[in-house]
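File shown here: run12.csv, holding CSV, C-alpha atoms and all ligand atoms.
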```csv
chain,number,residue,atom,x,y,z
A,1,MET,CA,-83.5,-1.8,-47.8
A,2,SER,CA,-81.0,-0.8,-45.1
A,3,GLU,CA,-82.0,2.1,-43.0
A,4,ASN,CA,-78.5,2.6,-41.7
A,5,LEU,CA,-77.0,4.4,-44.6
A,6,THR,CA,-75.0,7.4,-43.6
A,7,LEU,CA,-75.0,10.7,-45.3
A,8,PRO,CA,-72.5,10.6,-48.2
A,9,ALA,CA,-69.0,11.7,-47.5
A,10,GLN,CA,-68.2,15.2,-48.6
A,11,GLN,CA,-66.7,15.6,-52.0
A,12,GLY,CA,-63.0,16.2,-52.1
A,13,SER,CA,-62.9,19.8,-53.4
A,14,THR,CA,-64.0,22.8,-51.5
A,15,GLY,CA,-66.2,23.6,-54.4
A,16,ASP,CA,-64.6,26.9,-54.9
A,17,SER,CA,-66.7,28.7,-57.5
A,18,SER,CA,-63.6,30.0,-59.1
A,19,SER,CA,-63.0,26.4,-60.3
A,20,ALA,CA,-66.6,26.1,-61.4
A,21,THR,CA,-67.1,25.1,-65.0
A,22,GLU,CA,-69.3,26.7,-67.7
A,23,THR,CA,-72.4,28.5,-66.4
A,24,LEU,CA,-75.7,26.6,-67.0
A,25,LEU,CA,-78.1,28.9,-65.3
A,26,GLU,CA,-77.7,32.6,-64.5
A,27,VAL,CA,-80.3,34.6,-62.7
A,28,LYS,CA,-80.0,38.4,-62.4
A,29,GLY,CA,-82.2,40.7,-60.3
A,30,LEU,CA,-84.9,38.1,-60.2
A,31,THR,CA,-88.0,39.5,-58.5
A,32,LYS,CA,-91.5,38.2,-57.7
A,33,HIS,CA,-94.0,40.5,-56.0
A,34,PHE,CA,-97.4,38.9,-55.5
A,35,PRO,CA,-100.0,41.6,-55.7
A,36,ILE,CA,-102.5,42.1,-52.8
A,37,TYR,CA,-105.9,43.3,-53.8
A,38,GLY,CA,-108.4,45.0,-51.4
A,39,GLY,CA,-111.1,47.7,-51.3
A,40,PHE,CA,-114.8,47.6,-51.9
A,41,PRO,CA,-116.8,47.6,-54.2
A,42,ILE,CA,-113.9,48.0,-56.6
A,43,LYS,CA,-110.9,45.8,-55.9
A,44,ARG,CA,-107.6,47.4,-56.5
A,45,LYS,CA,-104.0,46.6,-55.8
A,46,VAL,CA,-103.2,47.7,-52.2
A,47,GLY,CA,-99.7,46.2,-51.8
A,48,ALA,CA,-97.5,43.3,-52.7
A,49,VAL,CA,-95.8,40.4,-51.0
A,50,GLN,CA,-92.1,40.9,-51.9
A,51,ALA,CA,-91.4,37.1,-52.0
A,52,VAL,CA,-88.2,37.4,-54.1
A,53,ASP,CA,-86.6,40.7,-54.5
A,54,GLY,CA,-83.5,41.1,-56.8
A,55,VAL,CA,-81.9,37.7,-56.5
A,56,ASP,CA,-78.6,37.0,-58.4
A,57,LEU,CA,-77.5,33.4,-58.7
A,58,THR,CA,-75.5,31.1,-61.0
A,59,VAL,CA,-75.4,27.3,-61.3
A,60,GLY,CA,-72.6,25.8,-63.3
A,61,VAL,CA,-72.9,22.7,-65.5
A,62,GLY,CA,-73.1,19.7,-63.2
A,63,GLU,CA,-72.8,21.8,-60.1
A,64,SER,CA,-74.9,21.5,-57.0
A,65,VAL,CA,-76.0,24.8,-55.4
A,66,GLY,CA,-77.8,24.9,-52.1
A,67,LEU,CA,-80.4,27.5,-51.3
A,68,VAL,CA,-81.1,27.8,-47.6
A,69,GLY,CA,-83.1,30.1,-45.3
A,70,GLU,CA,-86.0,30.2,-42.9
A,71,SER,CA,-89.6,29.5,-43.8
A,72,GLY,CA,-91.1,32.2,-46.0
A,73,CYS,CA,-87.8,33.7,-47.2
A,74,GLY,CA,-88.6,32.9,-50.9
A,75,LYS,CA,-86.8,29.7,-51.6
A,76,SER,CA,-89.7,27.9,-53.3
A,77,THR,CA,-90.7,31.0,-55.2
A,78,THR,CA,-87.1,31.3,-56.5
A,79,GLY,CA,-87.3,27.6,-57.6
A,80,ARG,CA,-90.6,28.1,-59.3
A,81,LEU,CA,-89.4,31.1,-61.1
A,82,ILE,CA,-86.3,29.3,-62.4
A,83,THR,CA,-88.4,26.4,-63.7
A,84,ARG,CA,-90.8,29.0,-65.1
A,85,LEU,CA,-93.8,27.7,-63.1
A,86,LEU,CA,-94.2,31.3,-62.1
A,87,GLU,CA,-93.8,34.4,-64.1
A,88,PRO,CA,-91.2,36.8,-62.7
A,89,THR,CA,-92.1,40.4,-62.0
A,90,SER,CA,-88.7,41.5,-63.2
A,91,GLY,CA,-85.2,40.3,-63.6
A,92,GLN,CA,-83.6,37.9,-66.1
A,93,ILE,CA,-83.2,34.1,-66.3
A,94,THR,CA,-80.6,32.8,-68.7
A,95,TYR,CA,-80.3,29.1,-69.3
A,96,ALA,CA,-77.5,27.7,-71.5
A,97,GLY,CA,-76.9,31.1,-72.9
A,98,GLN,CA,-80.6,31.7,-73.8
A,99,ASP,CA,-82.7,34.3,-72.2
A,100,ILE,CA,-85.8,32.4,-71.1
A,101,THR,CA,-87.3,35.1,-68.8
A,102,ARG,CA,-90.2,35.9,-71.1
A,103,ALA,CA,-90.0,32.8,-73.4
A,104,THR,CA,-93.4,31.6,-74.7
A,105,ARG,CA,-94.6,28.1,-74.1
A,106,ARG,CA,-93.4,27.1,-77.5
A,107,GLN,CA,-90.0,28.7,-77.1
A,108,LEU,CA,-89.7,27.1,-73.7
A,109,ALA,CA,-90.6,23.6,-74.8
A,110,PRO,CA,-87.0,22.3,-75.4
A,111,VAL,CA,-85.7,23.9,-72.3
A,112,ARG,CA,-88.6,22.6,-70.1
A,113,SER,CA,-87.4,19.1,-70.6
A,114,GLU,CA,-83.9,20.0,-69.5
A,115,ILE,CA,-85.0,21.7,-66.3
A,116,GLN,CA,-87.0,19.5,-63.9
A,117,MET,CA,-88.3,19.9,-60.4
A,118,ILE,CA,-88.6,17.5,-57.5
A,119,PHE,CA,-91.1,18.5,-54.9
A,120,GLN,CA,-91.1,18.3,-51.1
A,121,ASP,CA,-94.2,16.1,-50.6
A,122,PRO,CA,-93.9,12.7,-52.1
A,123,TYR,CA,-97.5,12.0,-51.2
A,124,SER,CA,-99.3,14.8,-53.0
A,125,SER,CA,-96.9,15.1,-55.9
A,126,LEU,CA,-97.8,11.7,-57.3
A,127,ASN,CA,-101.2,11.0,-58.9
A,128,PRO,CA,-102.7,8.2,-56.7
A,129,ARG,CA,-104.8,6.9,-59.5
A,130,GLN,CA,-101.8,6.3,-61.9
A,131,THR,CA,-99.4,3.4,-61.8
A,132,VAL,CA,-95.7,4.1,-61.2
A,133,GLY,CA,-95.0,3.2,-64.8
A,134,THR,CA,-97.6,5.7,-66.1
A,135,ILE,CA,-96.3,8.4,-63.7
A,136,ILE,CA,-92.7,8.1,-64.8
A,137,LYS,CA,-93.6,7.6,-68.5
A,138,SER,CA,-95.8,10.7,-68.7
A,139,PRO,CA,-93.1,13.3,-69.2
A,140,MET,CA,-91.8,11.3,-72.2
A,141,GLU,CA,-95.4,11.1,-73.6
A,142,VAL,CA,-96.0,14.8,-73.1
A,143,ASN,CA,-92.8,15.7,-74.8
A,144,GLY,CA,-93.2,13.1,-77.6
A,145,ILE,CA,-89.9,11.3,-76.6
A,146,GLU,CA,-89.5,7.7,-77.7
A,147,PRO,CA,-86.3,6.3,-76.2
A,148,GLN,CA,-84.5,3.4,-77.8
A,149,GLY,CA,-86.2,0.2,-76.8
A,150,GLY,CA,-89.4,2.0,-75.9
A,151,ARG,CA,-90.8,3.9,-73.0
A,152,GLU,CA,-91.5,1.0,-70.7
A,153,LYS,CA,-87.9,-0.3,-71.0
A,154,ARG,CA,-86.7,3.2,-70.1
A,155,VAL,CA,-89.0,3.4,-67.1
A,156,ARG,CA,-87.8,0.0,-65.8
A,157,GLU,CA,-84.2,1.3,-66.2
A,158,LEU,CA,-85.0,4.4,-64.3
A,159,LEU,CA,-86.7,2.4,-61.5
A,160,GLU,CA,-83.6,0.4,-61.1
A,161,LEU,CA,-81.4,3.5,-61.2
A,162,VAL,CA,-83.3,5.0,-58.3
A,163,GLY,CA,-83.1,1.8,-56.3
A,164,LEU,CA,-86.6,0.5,-56.9
A,165,ASN,CA,-87.7,-2.9,-58.2
A,166,PRO,CA,-88.5,-2.6,-62.0
A,167,GLU,CA,-91.1,-5.3,-61.4
A,168,HIS,CA,-93.1,-2.7,-59.4
A,169,TYR,CA,-93.9,-0.9,-62.7
A,170,ASN,CA,-97.7,-1.6,-62.3
A,171,ARG,CA,-98.0,-0.7,-58.6
A,172,PHE,CA,-99.7,2.4,-57.3
A,173,PRO,CA,-98.1,5.1,-55.2
A,174,HIS,CA,-99.9,4.1,-52.0
A,175,GLU,CA,-98.1,0.7,-52.1
A,176,PHE,CA,-94.8,2.5,-51.5
A,177,SER,CA,-93.2,4.1,-48.4
A,178,GLY,CA,-92.4,7.8,-48.3
A,179,GLY,CA,-88.8,7.3,-49.2
A,180,GLN,CA,-89.7,5.1,-52.1
A,181,ARG,CA,-92.3,7.6,-53.3
A,182,GLN,CA,-89.6,10.2,-53.4
A,183,ARG,CA,-87.5,7.8,-55.4
A,184,ILE,CA,-90.4,7.6,-57.9
A,185,GLY,CA,-90.4,11.5,-58.0
A,186,VAL,CA,-86.6,11.4,-58.8
A,187,ALA,CA,-87.2,8.8,-61.5
A,188,ARG,CA,-89.9,11.0,-63.1
A,189,ALA,CA,-87.6,14.0,-62.9
A,190,LEU,CA,-84.9,11.9,-64.7
A,191,ALA,CA,-87.2,10.6,-67.4
A,192,LEU,CA,-86.3,13.4,-69.8
A,193,SER,CA,-82.5,13.3,-69.1
A,194,PRO,CA,-82.5,16.8,-67.6
A,195,ARG,CA,-79.4,19.0,-67.2
A,196,LEU,CA,-80.7,20.9,-64.1
A,197,ILE,CA,-83.0,19.7,-61.3
A,198,VAL,CA,-84.5,22.1,-58.9
A,199,ALA,CA,-85.1,20.0,-55.8
A,200,ASP,CA,-87.4,21.9,-53.4
A,201,GLU,CA,-87.0,20.4,-49.9
A,202,PRO,CA,-86.8,16.9,-51.4
A,203,VAL,CA,-86.2,15.2,-48.0
A,204,SER,CA,-87.9,17.4,-45.4
A,205,ALA,CA,-91.0,15.2,-45.3
A,206,LEU,CA,-89.1,12.0,-44.8
A,207,ASP,CA,-87.8,10.3,-41.6
A,208,VAL,CA,-84.3,11.2,-40.8
A,209,SER,CA,-82.9,7.7,-41.7
A,210,ILE,CA,-84.7,7.8,-45.0
A,211,GLN,CA,-83.5,11.3,-45.7
A,212,ALA,CA,-79.9,10.1,-45.8
A,213,GLN,CA,-80.8,7.4,-48.4
A,214,VAL,CA,-82.6,9.9,-50.7
A,215,VAL,CA,-79.7,12.4,-50.3
A,216,ASN,CA,-77.3,9.6,-51.2
A,217,LEU,CA,-79.4,8.9,-54.3
A,218,LEU,CA,-79.5,12.5,-55.4
A,219,GLN,CA,-75.8,12.8,-54.9
A,220,LYS,CA,-75.3,9.7,-57.0
A,221,VAL,CA,-77.5,11.2,-59.7
A,222,GLN,CA,-75.6,14.5,-59.6
A,223,GLN,CA,-72.2,12.9,-59.8
A,224,GLU,CA,-72.8,10.0,-62.1
A,225,LEU,CA,-75.1,11.7,-64.6
A,226,GLY,CA,-73.5,15.1,-64.3
A,227,ILE,CA,-76.8,16.8,-63.6
A,228,ALA,CA,-76.7,20.3,-62.0
A,229,PHE,CA,-78.8,20.8,-58.9
A,230,MET,CA,-80.4,23.6,-57.1
A,231,PHE,CA,-81.0,22.0,-53.7
A,232,ILE,CA,-83.5,24.0,-51.6
A,233,ALA,CA,-83.5,23.2,-47.9
A,234,HIS,CA,-83.8,24.9,-44.5
A,235,ASP,CA,-81.5,22.2,-43.1
A,236,LEU,CA,-77.9,23.4,-43.4
A,237,ALA,CA,-76.6,19.9,-42.5
A,238,ILE,CA,-78.1,18.3,-45.6
A,239,VAL,CA,-77.0,21.1,-47.9
A,240,ARG,CA,-73.5,20.8,-46.6
A,241,HIS,CA,-73.2,17.2,-47.8
A,242,PHE,CA,-74.8,17.9,-51.1
A,243,SER,CA,-73.8,21.3,-52.4
A,244,GLN,CA,-70.5,22.7,-53.7
A,245,ARG,CA,-71.8,26.2,-53.3
A,246,VAL,CA,-74.5,27.6,-50.9
A,247,ALA,CA,-76.7,30.7,-51.1
A,248,VAL,CA,-78.3,32.0,-48.0
A,249,MET,CA,-81.6,33.8,-48.4
A,250,TYR,CA,-83.4,36.1,-46.0
A,251,LEU,CA,-86.7,37.8,-46.7
A,252,GLY,CA,-86.5,37.6,-50.5
A,253,LYS,CA,-82.8,38.4,-50.9
A,254,VAL,CA,-79.6,36.4,-51.1
A,255,VAL,CA,-77.5,37.7,-48.1
A,256,GLU,CA,-74.5,35.5,-48.6
A,257,VAL,CA,-73.2,33.1,-51.2
A,258,GLY,CA,-70.0,31.2,-51.6
A,259,ASP,CA,-68.3,27.9,-51.8
A,260,ARG,CA,-69.2,25.4,-49.1
A,261,ASP,CA,-66.0,25.8,-47.1
A,262,SER,CA,-66.5,29.6,-46.9
A,263,ILE,CA,-70.1,29.4,-45.9
A,264,TYR,CA,-69.7,26.8,-43.2
A,265,ASN,CA,-66.2,27.6,-41.9
A,266,ARG,CA,-65.8,31.3,-42.6
A,267,PRO,CA,-69.3,32.8,-42.7
A,268,ARG,CA,-69.4,36.6,-42.6
A,269,HIS,CA,-73.1,37.5,-42.5
A,270,PRO,CA,-74.6,37.5,-39.1
A,271,TYR,CA,-77.6,35.6,-40.4
A,272,THR,CA,-75.5,32.8,-41.7
A,273,HIS,CA,-73.9,32.6,-38.3
A,274,ALA,CA,-77.3,32.4,-36.7
A,275,LEU,CA,-78.5,29.7,-39.1
A,276,LEU,CA,-75.3,27.6,-38.6
A,277,SER,CA,-75.5,27.9,-34.8
A,278,ALA,CA,-79.1,26.5,-34.9
A,279,VAL,CA,-77.8,23.3,-36.4
A,280,PRO,CA,-75.4,21.7,-33.9
A,281,GLU,CA,-74.6,18.7,-36.0
A,282,VAL,CA,-73.1,21.0,-38.6
A,283,ALA,CA,-70.2,21.8,-36.3
A,284,VAL,CA,-68.2,18.7,-37.1
A,285,ASP,CA,-64.8,20.1,-38.0
A,286,ASP,CA,-62.3,20.9,-35.3
A,287,GLU,CA,-62.4,24.5,-36.3
A,288,THR,CA,-66.1,24.8,-35.9
A,289,GLU,CA,-66.5,22.7,-32.8
A,290,ASN,CA,-66.8,25.7,-30.6
A,291,ARG,CA,-69.2,27.6,-32.7
A,292,GLU,CA,-71.2,30.2,-30.8
A,293,ARG,CA,-74.9,29.5,-30.3
A,294,ILE,CA,-77.2,32.2,-31.5
A,295,ARG,CA,-80.9,32.0,-31.1
A,296,LEU,CA,-82.8,34.3,-33.3
A,297,ALA,CA,-85.7,36.1,-31.7
A,298,GLY,CA,-89.2,36.1,-33.3
A,299,ASP,CA,-90.2,35.5,-36.8
A,300,VAL,CA,-89.0,36.8,-40.1
A,301,PRO,CA,-90.7,40.2,-40.7
A,302,SER,CA,-93.5,40.4,-43.2
A,303,PRO,CA,-92.4,40.5,-46.8
A,304,ILE,CA,-95.2,43.0,-47.4
A,305,HIS,CA,-93.4,45.7,-45.4
A,306,PRO,CA,-89.8,44.5,-45.2
A,307,PRO,CA,-87.5,46.6,-43.0
A,308,SER,CA,-85.7,49.5,-44.7
A,309,GLY,CA,-82.0,49.2,-45.5
A,310,CYS,CA,-80.8,45.8,-44.5
A,311,ARG,CA,-83.8,43.5,-44.1
A,312,PHE,CA,-82.1,41.5,-41.3
A,313,ARG,CA,-81.6,44.6,-39.1
A,314,THR,CA,-84.6,44.0,-36.9
A,315,ARG,CA,-83.0,40.8,-35.7
A,316,CYS,CA,-79.3,41.6,-36.0
A,317,TRP,CA,-77.1,42.0,-33.0
A,318,LYS,CA,-74.6,44.1,-35.0
A,319,ALA,CA,-77.1,46.6,-36.5
A,320,GLN,CA,-76.2,50.3,-36.5
A,321,ASP,CA,-77.9,53.4,-37.9
A,322,LYS,CA,-76.5,52.8,-41.4
A,323,CYS,CA,-78.2,49.5,-41.6
A,324,ALA,CA,-81.6,51.2,-41.5
A,325,THR,CA,-80.8,53.6,-44.3
A,326,ASP,CA,-78.5,51.9,-46.7
A,327,GLU,CA,-79.1,48.5,-48.2
A,328,PRO,CA,-75.9,46.5,-48.1
A,329,PRO,CA,-74.9,45.3,-51.6
A,330,LEU,CA,-74.0,41.6,-52.1
A,331,VAL,CA,-70.2,41.9,-52.8
A,332,GLN,CA,-66.9,40.3,-52.1
A,333,ILE,CA,-65.9,42.0,-48.9
A,334,SER,CA,-62.4,42.2,-47.7
A,335,GLY,CA,-61.2,38.8,-46.3
A,336,ASN,CA,-63.6,36.8,-48.5
A,337,ARG,CA,-62.3,34.3,-51.0
A,338,GLU,CA,-63.2,34.8,-54.7
A,339,GLY,CA,-66.8,34.1,-55.3
A,340,HIS,CA,-67.7,34.5,-51.6
A,341,LEU,CA,-70.2,37.4,-51.5
A,342,THR,CA,-71.7,39.0,-48.4
A,343,ALA,CA,-74.4,41.7,-48.1
A,344,CYS,CA,-73.5,43.3,-44.7
A,345,HIS,CA,-72.1,46.7,-43.6
A,346,PHE,CA,-70.6,45.2,-40.4
A,347,PRO,CA,-69.7,41.6,-41.2
A,348,GLU,CA,-68.5,39.1,-38.7
A,349,ASP,CA,-64.8,38.3,-38.5
A,350,PRO,CA,-63.8,35.4,-40.9
A,351,SER,CA,-62.8,33.4,-37.8
A,352,THR,CA,-65.5,31.3,-36.2
A,353,ALA,CA,-63.9,31.2,-32.8
A,354,ALA,CA,-66.3,30.7,-29.9
A,355,ARG,CA,-67.8,33.6,-28.2
A,356,GLU,CA,-67.5,34.1,-24.5
A,357,GLU,CA,-71.2,33.6,-24.1
A,358,ASP,CA,-74.1,32.6,-26.2
A,359,VAL,CA,-75.8,35.3,-28.0
A,360,VAL,CA,-79.5,35.2,-26.9
A,361,LEU,CA,-81.6,37.5,-29.0
A,362,ASP,CA,-84.9,36.7,-27.4
A,363,PRO,CA,-85.2,38.5,-24.1
A,364,ALA,CA,-88.1,36.2,-23.0
A,365,LEU,CA,-86.0,33.1,-23.6
A,366,LYS,CA,-83.1,34.7,-21.8
A,367,ALA,CA,-85.3,35.5,-18.7
A,368,LEU,CA,-86.6,31.9,-18.8
A,369,GLU,CA,-83.1,30.5,-18.9
A,370,GLU,CA,-81.9,32.7,-16.0
A,371,ASP,CA,-84.9,31.7,-14.0
A,372,GLN,CA,-84.2,28.0,-14.5
A,373,HIS,CA,-80.5,28.7,-13.6
A,374,GLU,CA,-81.5,30.2,-10.3
A,375,ASP,CA,-83.8,27.3,-9.3
B,401,LIG,N1,-99.0,32.6,-54.7
B,401,LIG,C1,-98.6,33.4,-53.7
B,401,LIG,N2,-99.4,34.5,-53.4
B,401,LIG,C2,-99.0,35.4,-52.4
B,401,LIG,N3,-97.9,35.2,-51.6
B,401,LIG,C3,-97.2,34.1,-51.8
B,401,LIG,C4,-97.5,33.1,-52.9
B,401,LIG,N4,-96.5,32.2,-52.9
B,401,LIG,C5,-95.7,32.5,-51.9
B,401,LIG,N5,-96.1,33.6,-51.3
B,401,LIG,C6,-95.4,34.3,-50.2
B,401,LIG,O1,-94.1,34.6,-50.6
B,401,LIG,C7,-93.2,34.4,-49.5
B,401,LIG,C8,-92.1,33.4,-49.9
B,401,LIG,O2,-92.7,32.1,-50.0
B,401,LIG,P1,-91.9,30.8,-50.4
B,401,LIG,O3,-92.9,29.7,-50.4
B,401,LIG,O4,-91.1,31.1,-51.6
B,401,LIG,O5,-91.0,30.6,-49.1
B,401,LIG,P2,-90.0,29.4,-48.7
B,401,LIG,O6,-88.7,30.0,-48.4
B,401,LIG,O7,-90.1,28.3,-49.7
B,401,LIG,O8,-90.7,28.9,-47.4
B,401,LIG,P3,-90.8,27.4,-46.8
B,401,LIG,O9,-89.5,27.1,-46.2
B,401,LIG,O10,-91.9,27.6,-45.7
B,401,LIG,O11,-91.2,26.5,-47.9
B,401,LIG,C9,-94.0,34.0,-48.3
B,401,LIG,O12,-94.3,35.1,-47.5
B,401,LIG,C10,-95.3,33.4,-48.9
B,401,LIG,O13,-96.4,33.6,-48.1
B,402,LIG,S1,-76.0,45.2,-42.6
B,402,LIG,FE1,-76.2,45.7,-40.5
B,402,LIG,S2,-78.2,44.8,-39.9
B,402,LIG,FE2,-77.6,43.9,-41.8
B,402,LIG,S3,-76.6,42.0,-41.2
B,402,LIG,FE3,-75.0,43.6,-41.5
B,402,LIG,S4,-74.8,44.5,-39.4
B,402,LIG,FE4,-76.7,43.3,-39.4
B,403,MG,MG,-90.7,26.4,-49.7
```
I'd like the structure from this file rewritten - as structure tokens, please.
Amino acid sequence: MSENLTLPAQQGSTGDSSSATETLLEVKGLTKHFPIYGGFPIKRKVGAVQAVDGVDLTVGVGESVGLVGESGCGKSTTGRLITRLLEPTSGQITYAGQDITRATRRQLAPVRSEIQMIFQDPYSSLNPRQTVGTIIKSPMEVNGIEPQGGREKRVRELLELVGLNPEHYNRFPHEFSGGQRQRIGVARALALSPRLIVADEPVSALDVSIQAQVVNLLQKVQQELGIAFMFIAHDLAIVRHFSQRVAVMYLGKVVEVGDRDSIYNRPRHPYTHALLSAVPEVAVDDETENRERIRLAGDVPSPIHPPSGCRFRTRCWKAQDKCATDEPPLVQISGNREGHLTACHFPEDPSTAAREEDVVLDPALKALEEDQHED
């Protein structure tokens, strides 16, 4: 298979959410706090990891929504809550008009087949002792689904659809490359004809050349089969090619969400600016060519004790007193298009014109660069 495939061209529309069709998934105030237990001899709850804290999101029928943010900001937890692999602490998940937040296993059964997940690691997510045929067939068996012509025929069709040889039905996962294994994961996710796929970093573990092929495949699946996607990634370049709308997460919260054009060309939240500036290849349009470079200092603060007010304030170059006391709501601020929401008291200008100088938020890095300059 060719390794020179490029990333798919961007879709024609800007993906403006105002043109989005019927809502398939709606998440309101979604929260997951993992309790921390301590003490001796009697263990009791001493705190909680606020992994996801009041997330609001929607995904339209057939729409692809990207969810991006640094490691540990709660992307996977959000994905697992939506697919009900995790129980939410609070909040509401509505799928196709049905509240599934507290649905029992039995109530959830028909919905489960419609919401599928693709995982990051194509090595550990496939059972090494099962053949590819068995792996792809098993969701049909578990759900008692007998497609026309039989399960094996359907599996062979799926293998072909994801670009694998149907004759490899009886092979084992170790006989495939990483990219091919991820294709097997995609075929398994498609086995039940889902309406929504949550893809959690589906290409991060793959070589760059292979990443493009798998993104191409997912885009084909989304467009040709009309499947909605929640595409989780930390790489904004990949999300840009795949998603009509993008939500940016920071420390358990969505800090900015909007159509692709707004997020990439008119971001307002300082954190979105920082994330974009860390991905030079994103700046491909004329208007973003001179994007400022921002290097964020340090790590994301602990989700056990997140900063008061705006959680980004400890790393934000625009922070003022108000940011420590008042949490900024996620709203459509002045200058934003419809559906473009930003949680910030002092947002950036909609223009992305270059700054005079780079913003360097890490004093140690700045000192090092100045030293090198003098040498
Ligand atoms: N089962 C768990 N118990 C306790 N804490 C957890 C659990 N799962 C996740 N967390 C914590 O919740 C936070 C969010 O984790 P999550 O895996 O959702 O982040 P992520 O954005 O997917 O990160 P990455 O990009 O590294 O995959 C992290 O601080 C993580 O340590
Ligand atoms: S609310 Fe304040 S700290 Fe938070 S992103 Fe905006 S300016 Fe920065
Ligand atoms: Mg993750």
Atomic separation - CA of Pro139 (chain A) relative to CA of Arg151 (chain A), Å: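 Atom-to-atom, CA of Arg151 (chain A) and CA of Pro139 (chain A) are spaced 10.4 Å apart.
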Atom-to-atom span, atom C2 of ligand LIG 401 (chain B) and CA of Arg44 (chain A), Å: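 Calculated distance between atom C2 of ligand LIG 401 (chain B) and CA of Arg44 (chain A) is 15.3 Å.
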All residues within 6 Å of ligand LIG 401 (chain B) are required, counting all atoms listed in the file; please report them as a PDB file with C-alpha atoms, in the frame of the given file.
```pdb
ATOM      1  CA  PHE A  34     -97.400  38.900 -55.500  1.00  0.00           C
ATOM      2  CA  VAL A  49     -95.800  40.400 -51.000  1.00  0.00           C
ATOM      3  CA  ALA A  51     -91.400  37.100 -52.000  1.00  0.00           C
ATOM      4  CA  GLU A  70     -86.000  30.200 -42.900  1.00  0.00           C
ATOM      5  CA  SER A  71     -89.600  29.500 -43.800  1.00  0.00           C
ATOM      6  CA  GLY A  72     -91.100  32.200 -46.000  1.00  0.00           C
ATOM      7  CA  CYS A  73     -87.800  33.700 -47.200  1.00  0.00           C
ATOM      8  CA  GLY A  74     -88.600  32.900 -50.900  1.00  0.00           C
ATOM      9  CA  LYS A  75     -86.800  29.700 -51.600  1.00  0.00           C
ATOM     10  CA  SER A  76     -89.700  27.900 -53.300  1.00  0.00           C
ATOM     11  CA  THR A  77     -90.700  31.000 -55.200  1.00  0.00           C
ATOM     12  CA  PRO A 303     -92.400  40.500 -46.800  1.00  0.00           C
TER      13      PRO A 303
END
```
Per residue of region 28-79 of chain A within 12 Å of region 86-105 of chain A, note the shortest atom pair and the distance in Å to one decimal, counting only C-alpha atoms, and order the rows by chain and increasing residue number, as JSON lines.
```
{"residue": "A:Lys28", "atom": "CA", "partner": "A:Gln92", "partner_atom": "CA", "distance": 5.2}
{"residue": "A:Gly29", "atom": "CA", "partner": "A:Gly91", "partner_atom": "CA", "distance": 4.5}
{"residue": "A:Leu30", "atom": "CA", "partner": "A:Gly91", "partner_atom": "CA", "distance": 4.1}
{"residue": "A:Thr31", "atom": "CA", "partner": "A:Ser90", "partner_atom": "CA", "distance": 5.2}
{"residue": "A:Lys32", "atom": "CA", "partner": "A:Thr89", "partner_atom": "CA", "distance": 4.9}
{"residue": "A:His33", "atom": "CA", "partner": "A:Thr89", "partner_atom": "CA", "distance": 6.3}
{"residue": "A:Phe34", "atom": "CA", "partner": "A:Thr89", "partner_atom": "CA", "distance": 8.5}
{"residue": "A:Pro35", "atom": "CA", "partner": "A:Thr89", "partner_atom": "CA", "distance": 10.2}
{"residue": "A:Ala48", "atom": "CA", "partner": "A:Thr89", "partner_atom": "CA", "distance": 11.1}
{"residue": "A:Val49", "atom": "CA", "partner": "A:Thr89", "partner_atom": "CA", "distance": 11.6}
{"residue": "A:Gln50", "atom": "CA", "partner": "A:Thr89", "partner_atom": "CA", "distance": 10.1}
{"residue": "A:Ala51", "atom": "CA", "partner": "A:Thr89", "partner_atom": "CA", "distance": 10.6}
{"residue": "A:Val52", "atom": "CA", "partner": "A:Pro88", "partner_atom": "CA", "distance": 9.1}
{"residue": "A:Asp53", "atom": "CA", "partner": "A:Ser90", "partner_atom": "CA", "distance": 9.0}
{"residue": "A:Gly54", "atom": "CA", "partner": "A:Gly91", "partner_atom": "CA", "distance": 7.1}
{"residue": "A:Val55", "atom": "CA", "partner": "A:Gly91", "partner_atom": "CA", "distance": 8.2}
{"residue": "A:Asp56", "atom": "CA", "partner": "A:Gly91", "partner_atom": "CA", "distance": 9.0}
{"residue": "A:Leu57", "atom": "CA", "partner": "A:Ile93", "partner_atom": "CA", "distance": 9.5}
{"residue": "A:Thr58", "atom": "CA", "partner": "A:Thr94", "partner_atom": "CA", "distance": 9.4}
{"residue": "A:Val59", "atom": "CA", "partner": "A:Tyr95", "partner_atom": "CA", "distance": 9.6}
{"residue": "A:Gly60", "atom": "CA", "partner": "A:Ala96", "partner_atom": "CA", "distance": 9.7}
{"residue": "A:Val61", "atom": "CA", "partner": "A:Ala96", "partner_atom": "CA", "distance": 9.1}
{"residue": "A:Ser76", "atom": "CA", "partner": "A:Leu86", "partner_atom": "CA", "distance": 10.5}
{"residue": "A:Thr77", "atom": "CA", "partner": "A:Leu86", "partner_atom": "CA", "distance": 7.7}
{"residue": "A:Thr78", "atom": "CA", "partner": "A:Leu86", "partner_atom": "CA", "distance": 9.0}
{"residue": "A:Gly79", "atom": "CA", "partner": "A:Leu86", "partner_atom": "CA", "distance": 9.0}
```
For CA of Cys316 (chain A) and CA of Leu251 (chain A), the interatomic separation in Å (one decimal):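 Straight-line distance from CA of Cys316 (chain A) to CA of Leu251 (chain A) works out to 13.6 Å.
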Expected answer as a VMD selection string: residues within 8 Å of ligand LIG 402 (chain B), all atoms listed in the file: chain A and resid 269 to 271 309 to 320 322 to 324 327 to 328 343 to 347
Residue neighbourhood Thr272 (chain A), 10 Å, only C-alpha atoms, exclusion window fewer than 3 positions, as number ranges by chain: A: 68-69, 236, 247-250, 255-257, 263-264, 266-269, 275-278, 342, 348
